[in-house]
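Peer 1: Attaching a single structure in structure tokens format; questions to follow.
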Amino acid sequence: MNDIDAPAQPRWLSDTEQHAWRSFLRMQAQLTTRLSRELQADSDLSIADYDVLVHLTDLEGGRLRILELARELDWEKSRMSHHLARMAKRGLIAREECPADGRGAFIAITPEGQAAIEAAAPRHVETVRRLVFDALTPEQVAALGAVSDRILKQLDTPEPGCDD
């Protein structure tokens, strides 16, 4: 076995990096749980429902192709399909056929979905403000945005050996 074939030595995290990483994971898990619980209690919407409805309300016409929505939310096709079916049963969204493409379909927000997101958004934003932004200085908010953007850029970089 030559040096090229030898497995690389792990680049272990320093104590500071390990603390930051573990704190980040704990914060992410607790924040997601708390946001989910409060959103569900306040509006009867799950975080997943809210994400779908927010994406649709951000668009002119309130509709998007299913696969494009799955891509934007970074969801697997099967998760998207099952979740949209549940939301459609509740009247929050509707499936619309694409007249230009018989194979494609759109997901559109319904008046009920629009009312649900309009009712949920003020309380959800207040919860986000209370749990996150009220604890940070303006400089820390800017740093959070910069760090998040930097990591997202790194995640958007194709993995070595992937053609994707």
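By convention in this document, the chains of the structure tokens carry letters A, B, ... by their order, each chain's residues are numbered from 1, and ligands are numbered from 1 in the order they are shown.
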Considering only alpha helix (DSSP H) as DSSP defines it on the backbone, what residues of chain A qualify? List them as a PyMOL selection string.
Peer 2: chain A and resi 15-43+47-57+66-73+77-89+111-131+138-156
Peer 1: Excluding region 18-34 of chain A and residues on its chain fewer than 3 positions from it, collect all residues at most 12 Å away from it, counting only C-alpha atoms, and give them as a list in words.
Peer 2: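 Returned residues: Arg11, Trp12, Leu13, Ser14, Asp15, Arg37, Glu38, Leu39, Gln40, Ala41, Ser46, Ile47, Ala48, His124, Thr127, Val128, Arg129, Arg130, Leu131, Val132, Leu144 and Ser148 of chain A.
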Peer 1: Provide the CA of Leu92 (chain A) to CA of Leu59 (chain A) distance in Å, to one decimal place.
Peer 2: 15.7 Å
Peer 1: Can you tell me, as a list in words, what residues are no more than 12 Å from Pro111 (chain A) when counting only C-alpha atoms, ignoring any on the same chain fewer than 2 positions away?
Peer 2: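 In the requested form, the answer reads Leu53, Leu56, Thr57, Gly61, Gly62, Arg90, Gly91, Leu92, Ile93, Ala94, Ala108, Ile109, Gly113, Gln114, Ala115, Ala116, Ile117 and Glu118 of chain A.
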Peer 1: Print the selection's residues with N, CA, C and O atoms to a file, as a short mmCIF file (atom, residue, chain, number, x, y, z; two decimals), in the first residue's frame.
Peer 2:
data_model
loop_
_atom_site.label_atom_id
_atom_site.label_comp_id
_atom_site.auth_asym_id
_atom_site.auth_seq_id
_atom_site.Cartn_x
_atom_site.Cartn_y
_atom_site.Cartn_z
N LEU A 53 -45.94 26.01 3.56
CA LEU A 53 -46.80 27.17 3.36
C LEU A 53 -46.00 28.46 3.16
O LEU A 53 -46.35 29.29 2.32
N LEU A 56 -44.71 28.57 -0.37
CA LEU A 56 -45.77 28.87 -1.33
C LEU A 56 -46.22 30.32 -1.25
O LEU A 56 -46.49 30.95 -2.27
N THR A 57 -46.29 30.88 -0.04
CA THR A 57 -46.73 32.28 0.08
C THR A 57 -45.68 33.25 -0.42
O THR A 57 -46.02 34.39 -0.76
N GLY A 61 -48.55 33.91 -7.13
CA GLY A 61 -49.49 32.87 -7.52
C GLY A 61 -49.59 31.74 -6.50
O GLY A 61 -50.47 30.90 -6.58
N GLY A 62 -48.66 31.68 -5.55
CA GLY A 62 -48.73 30.71 -4.47
C GLY A 62 -48.65 29.26 -4.89
O GLY A 62 -49.25 28.40 -4.25
N ARG A 90 -56.17 18.10 4.73
CA ARG A 90 -56.57 19.15 5.68
C ARG A 90 -57.00 20.43 4.97
O ARG A 90 -57.38 21.40 5.62
N GLY A 91 -56.89 20.45 3.63
CA GLY A 91 -57.34 21.61 2.86
C GLY A 91 -56.35 22.75 2.81
O GLY A 91 -56.70 23.85 2.37
N LEU A 92 -55.10 22.53 3.22
CA LEU A 92 -54.11 23.60 3.24
C LEU A 92 -53.49 23.87 1.87
O LEU A 92 -53.08 25.00 1.58
N ILE A 93 -53.40 22.83 1.06
CA ILE A 93 -52.82 22.94 -0.28
C ILE A 93 -53.67 22.11 -1.24
O ILE A 93 -54.47 21.27 -0.81
N ALA A 94 -53.48 22.35 -2.52
CA ALA A 94 -54.17 21.56 -3.55
C ALA A 94 -53.19 21.23 -4.66
O ALA A 94 -52.27 22.01 -4.94
N ALA A 108 -50.38 24.14 -4.85
CA ALA A 108 -50.83 25.52 -4.66
C ALA A 108 -51.42 25.68 -3.27
O ALA A 108 -52.09 24.78 -2.76
N ILE A 109 -51.16 26.82 -2.68
CA ILE A 109 -51.75 27.12 -1.39
C ILE A 109 -53.24 27.42 -1.59
O ILE A 109 -53.62 28.05 -2.58
N GLY A 113 -55.14 27.37 3.55
CA GLY A 113 -53.72 27.38 3.85
C GLY A 113 -53.21 28.80 4.06
O GLY A 113 -52.39 29.05 4.96
N GLN A 114 -53.68 29.72 3.24
CA GLN A 114 -53.29 31.13 3.38
C GLN A 114 -53.75 31.67 4.74
O GLN A 114 -52.99 32.34 5.44
N ALA A 115 -54.98 31.35 5.12
CA ALA A 115 -55.49 31.80 6.42
C ALA A 115 -54.68 31.19 7.56
O ALA A 115 -54.38 31.86 8.56
N ALA A 116 -54.31 29.91 7.42
CA ALA A 116 -53.55 29.23 8.47
C ALA A 116 -52.18 29.86 8.66
O ALA A 116 -51.75 30.09 9.80
N ILE A 117 -51.49 30.16 7.56
CA ILE A 117 -50.15 30.75 7.69
C ILE A 117 -50.24 32.19 8.19
O ILE A 117 -49.40 32.62 9.00
N GLU A 118 -51.24 32.91 7.77
CA GLU A 118 -51.41 34.29 8.25
C GLU A 118 -51.71 34.32 9.74
O GLU A 118 -51.26 35.22 10.45
#
Peer 1: To one decimal in Å, tell me the separation between CA of Thr110 (chain A) and CA of Glu97 (chain A).
Peer 2: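 Distance reported for this atom pair: 14.8 Å.
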Peer 1: What separation in Å, quoted to one decimal, exists between CA of Asp49 (chain A) and CA of Met87 (chain A)?
Peer 2: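 Between CA of Asp49 (chain A) and CA of Met87 (chain A) the gap works out to 7.2 Å.
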